[in-house]
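Contents: one structure, followed by commentary.
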Amino acid sequence: MKKKIVHLVDDEIVIHDIFKRIFIGPEYELRISENKPQAKANHTPEVDVVIMDQMIPGSSGLEIFKELKKDDPAVRVIFLTAFGTIEAAIEAIQQGALDYLQKPFSNVDLKHRVDRVIREKRLGQENTQLKKTLGDRFAFENIVGRSPLLKKILGIVESVADSNSTVLITGESGTGKELIAKAIHSHSNRRAMPFHAFNSSNIPANLFESLLFGYKKGAYTGAVSDKKGAFEEADGGTMFFDEIANLSDETQAKILRVLQEKEIQPLGSNQIRKVDVRILAASNIDLLAKVKSGEFREDLYYRLNIINIHLPPLRERKEDIPLLAEAFLKRFAGENGKNTKAMSPKFLRALLDYNWPGNIRELQNTMLRAVLLSSDETLTPEALSPEVLGVSDRRLEGAGGFNEKVDAYKRQLICETLEKTNWVQNKAAADLGLKPSTLYELIKRLGIRK
């Protein structure tokens, strides 16, 4: 259960004692500050509500409220006001405070107001998250393609989405592993809850663990207050670890504990906390080889690899390139105010002939570059990089293995013949010495489009 975090800013010990009696029990976390520096140190966006006294030594409640609001525009504050300072409380409400409560206050009234504010905050967050994710419920609008390989993958996504099983997504860099992870989450019964993605290769190990598991005040230099980690923040939702092979052995052990025991331990704390988080992971290298070499925990590997989804490289599903390129063209033209609307046949042929070692990510960057460099409505090869054009001028160079070289040659020969016959397939088939049905199947398999 997610705790309700109440932050009291008041210098009176008697008020501290009252709050400790009211907000007691496992459902609450009470933070107490006596002055402006403490208030700023103890406040984080996770705080549900701040109860602020008007009179603070060396400052004022209104001044502290304005300071907190700079760092956290969504901060929710209820002011405590004594007789004679109601005008100041009204000014605070005009500045964005939620409410004020006059001293001496009723304990029941205070608790009721605090619980109401927290309930309204969380309902608002849930509604925002729901609106954001429900649109993706039965659609894969961010995943473009029609190849049989992609259709098979999306079928697996729909099959496993509503389970709580871990999923290991494998494939070369740039094949869209995070998109598949997001699709699993948005089609699952966790879709209204948070989705947290981490690239395991670009965060230092010590910082990574504090981000994941949180920490207690004083756990290390600079830890001036308790901080929740991503596992607690994502409670009920999904965590996605990209490039999971790069995790340290110690972090691997802790993630295994989350999978097995559904619990975490913040840094510097003796307290164990229960979490309900689904874990998805991805790797662009052979994780089993890492296990055999002793670089990755075998027990974690088998817990992650319950369901495996392998994403093929773009060169193995070239029939998706025109659709992807068209989608990127529309997106980047719209985002950059360009009037570019189409691709010339030679431009598209260059895309189809290239081997795309960087996969979809490289195609995306290529299309962005082309849109930005083009001043016409139609993209031409002049807008492509030398790398892409170099391969299109030397069709078979770098085309991969024997079968890929053969396919590249077939594609080149068929495209040239179709252009020569003005794309009349029966005539092209006759020129090539093929049956029309055979040519049709080759055109379909090789992803050739006019």
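Following the order of the structure tokens, chains are lettered A, B, ..., residues in each are numbered from 1, and ligands are numbered from 1.
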Exercise for review: Looking only at alpha helix (DSSP H) from DSSP on the backbone, list the matching residues of range 13-184 of chain A as a PyMOL selection string.
Suggested key: chain A and resi 13-22+36-42+61-71+86-94+107-134+148-160+177-184
Exercise for review: Within 12 Å of Glu172 in chain A, counting only C-alpha atoms, which residues show up once you throw out same-chain ones fewer than 5 positions away? Write them as a list in words, please.
Suggested key: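 The neighbour list is Lys177, Asp242, Glu243, Ala282, Ser283, Asn284, Ile285, Asp286, His310, Leu311, Pro312, Pro313, Leu314, Arg315, Glu316, Trp356, Pro357, Gly358, Asn359, Ile360, Arg361 and Glu362 of chain A.
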**Study point:** Nearest residue to Lys182 in chain A from the set A:Ser159, A:Asn142, A:Ser147, A:Asn42 (distances using only C-alpha atoms)
**Key:** A:Asn142
Exercise for review: Give me, please, the distance in Å between CA of Glu441 in chain A and CA of Ala429 in chain A, quoted to one decimal.
Suggested key: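 A separation of 11.4 Å between them.
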Review point. Distance CA of Gly61 in chain A-CA of Asp48 in chain A, one decimal place?
Key: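 CA of Gly61 in chain A sits 17.6 Å away from CA of Asp48 in chain A.
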Review point. With only C-alpha atoms as the atoms that count, which of A:Ala97, A:Leu432, A:Ile307, A:Val144 lies nearest to Pro73 in chain A?
Key: A:Ala97
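Using only C-alpha atoms, the smallest distance between any of A:Ile143, A:Leu352, A:Leu80, A:Ala88 and Asp407 in chain A comes from A:Leu352.
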Check your understanding: For Glu27 in chain A, which residue among A:Ser188, A:Lys40, A:Ile15, A:Lys2 is the nearest when counting only C-alpha atoms?
Key ->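 Looking only at the distances to Glu27 in chain A, the closest residue turns out to be A:Lys2.
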All residues 12 Å or closer to Gly447 in chain A, only C-alpha atoms, same chain fewer than 2 positions away omitted, as a PDB file with C-alpha atoms, in the first residue's frame:
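Now in around-v5.pdb:
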```pdb
ATOM      1  CA  GLY A 145       4.697  -2.579 -40.134  1.00  0.00           C
ATOM      2  CA  ARG A 146       2.839  -5.399 -41.855  1.00  0.00           C
ATOM      3  CA  SER A 147       5.462  -8.132 -42.188  1.00  0.00           C
ATOM      4  CA  PRO A 148       4.560 -11.623 -40.958  1.00  0.00           C
ATOM      5  CA  LEU A 314      15.146  -4.369 -40.121  1.00  0.00           C
ATOM      6  CA  ARG A 315      17.071  -6.071 -42.966  1.00  0.00           C
ATOM      7  CA  GLU A 316      14.993  -9.209 -42.312  1.00  0.00           C
ATOM      8  CA  ARG A 317      11.669  -7.396 -42.691  1.00  0.00           C
ATOM      9  CA  LYS A 318      12.321  -4.973 -45.523  1.00  0.00           C
ATOM     10  CA  GLU A 319       8.655  -4.933 -46.525  1.00  0.00           C
ATOM     11  CA  ASP A 320       8.128  -2.731 -43.430  1.00  0.00           C
ATOM     12  CA  ILE A 321      10.634  -0.078 -44.561  1.00  0.00           C
ATOM     13  CA  PRO A 322       8.234   1.882 -46.837  1.00  0.00           C
ATOM     14  CA  LEU A 323       5.585   2.024 -44.110  1.00  0.00           C
ATOM     15  CA  LEU A 348      12.669   4.654 -51.661  1.00  0.00           C
ATOM     16  CA  ARG A 349      14.828   2.227 -53.614  1.00  0.00           C
ATOM     17  CA  LEU A 351      16.186   2.845 -48.496  1.00  0.00           C
ATOM     18  CA  LEU A 352      15.278  -0.683 -49.577  1.00  0.00           C
ATOM     19  CA  ASP A 353      18.765  -1.455 -50.844  1.00  0.00           C
ATOM     20  CA  ASP A 407      18.054 -11.089 -52.480  1.00  0.00           C
ATOM     21  CA  ALA A 408      19.728  -7.721 -53.039  1.00  0.00           C
ATOM     22  CA  LYS A 410      17.060 -10.010 -57.240  1.00  0.00           C
ATOM     23  CA  ARG A 411      15.574  -6.787 -55.877  1.00  0.00           C
ATOM     24  CA  GLN A 412      17.853  -4.664 -58.076  1.00  0.00           C
ATOM     25  CA  ILE A 414      13.332  -6.783 -60.652  1.00  0.00           C
ATOM     26  CA  CYS A 415      13.154  -3.026 -59.861  1.00  0.00           C
ATOM     27  CA  TYR A 440       4.278 -11.413 -57.881  1.00  0.00           C
ATOM     28  CA  GLU A 441       5.517 -13.629 -55.027  1.00  0.00           C
ATOM     29  CA  LEU A 442       9.070 -12.250 -55.381  1.00  0.00           C
ATOM     30  CA  ILE A 443       7.817  -8.655 -55.324  1.00  0.00           C
ATOM     31  CA  LYS A 444       5.840  -9.414 -52.164  1.00  0.00           C
ATOM     32  CA  ARG A 445       8.673 -11.266 -50.419  1.00  0.00           C
ATOM     33  CA  ARG A 449       6.820  -1.149 -53.945  1.00  0.00           C
ATOM     34  CA  LYS A 450       6.329   1.350 -56.745  1.00  0.00           C
TER      35      LYS A 450
END
```
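Going from CA of Leu110 in chain A over to CA of Ala39 in chain A, you cover 20.1 Å.
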Check your understanding: Got a sec: who's within 12 Å of Val9 in chain A, counting only C-alpha atoms, leaving out chain neighbours fewer than 5 positions off, as an MDAnalysis selection string?
Key -> chainID A and resid 15:16 19 30:43 49:57 59:62 64:65 68 77:80
**Study point:** Long-range neighbours of Lys274 in chain A as number ranges by chain, 8 Å cut-off, only C-alpha atoms, 5 positions minimum in chain
**Key:** A: 262-264
Practice item. Fewer than 4 positions away in the same chain doesn't count, so skip those; otherwise give me all residues within 7 Å of Val157 in chain A, counting only C-alpha atoms, as a PyMOL selection string. Key: chain A and resi 153+161+184
Give me a file of those residues, with C-alpha atoms, as a PDB file, in the first residue's frame.
```
ATOM      1  CA  ILE A 153       5.408 -10.538 -32.386  1.00  0.00           C
ATOM      2  CA  ALA A 161       0.134  -8.630 -21.783  1.00  0.00           C
ATOM      3  CA  ILE A 184       2.941  -4.923 -23.243  1.00  0.00           C
TER       4      ILE A 184
END
```
Exercise for review: Could you give me, as a PyMOL selection string, the residues within 12 Å of Gln260 in chain A, counting only C-alpha atoms and dropping anything in the same chain fewer than 3 positions from it?
Suggested key: chain A and resi 166+253-257+263-264+274-279+299-300+302-304
Suppose we keep C-alpha atoms; can you now write the selection as a compact mmCIF listing (two decimals), in the first residue's frame?
```txt
# COMPACT_ATOMS: atom_id res chain seq x y z
CA THR A 166 8.42 -11.46 -16.79
CA ALA A 253 20.84 -10.11 -6.76
CA LYS A 254 18.54 -7.36 -5.49
CA ILE A 255 16.33 -7.50 -8.59
CA LEU A 256 16.12 -11.26 -8.22
CA ARG A 257 14.87 -10.67 -4.67
CA GLU A 263 10.11 -6.85 -1.55
CA ILE A 264 12.83 -4.18 -1.49
CA LYS A 274 6.56 -4.99 -0.15
CA VAL A 275 6.08 -4.00 -3.80
CA ASP A 276 3.98 -5.38 -6.65
CA VAL A 277 5.86 -4.58 -9.86
CA ARG A 278 6.02 -6.46 -13.16
CA ILE A 279 9.54 -6.61 -14.59
CA ASP A 299 19.03 -17.77 -11.59
CA LEU A 300 18.08 -14.23 -12.67
CA TYR A 302 15.83 -18.01 -16.00
CA ARG A 303 13.47 -15.83 -13.94
CA LEU A 304 13.55 -13.14 -16.64
```
Exercise for review: Quick one: pick out all strand (DSSP E or B) residues within range 28-233 of chain A from a backbone DSSP run and write them as a PyMOL selection string.
Suggested key: chain A and resi 28-33+49-53+55-56+59-60+77-81+99-102+167-170+195-199+215+227
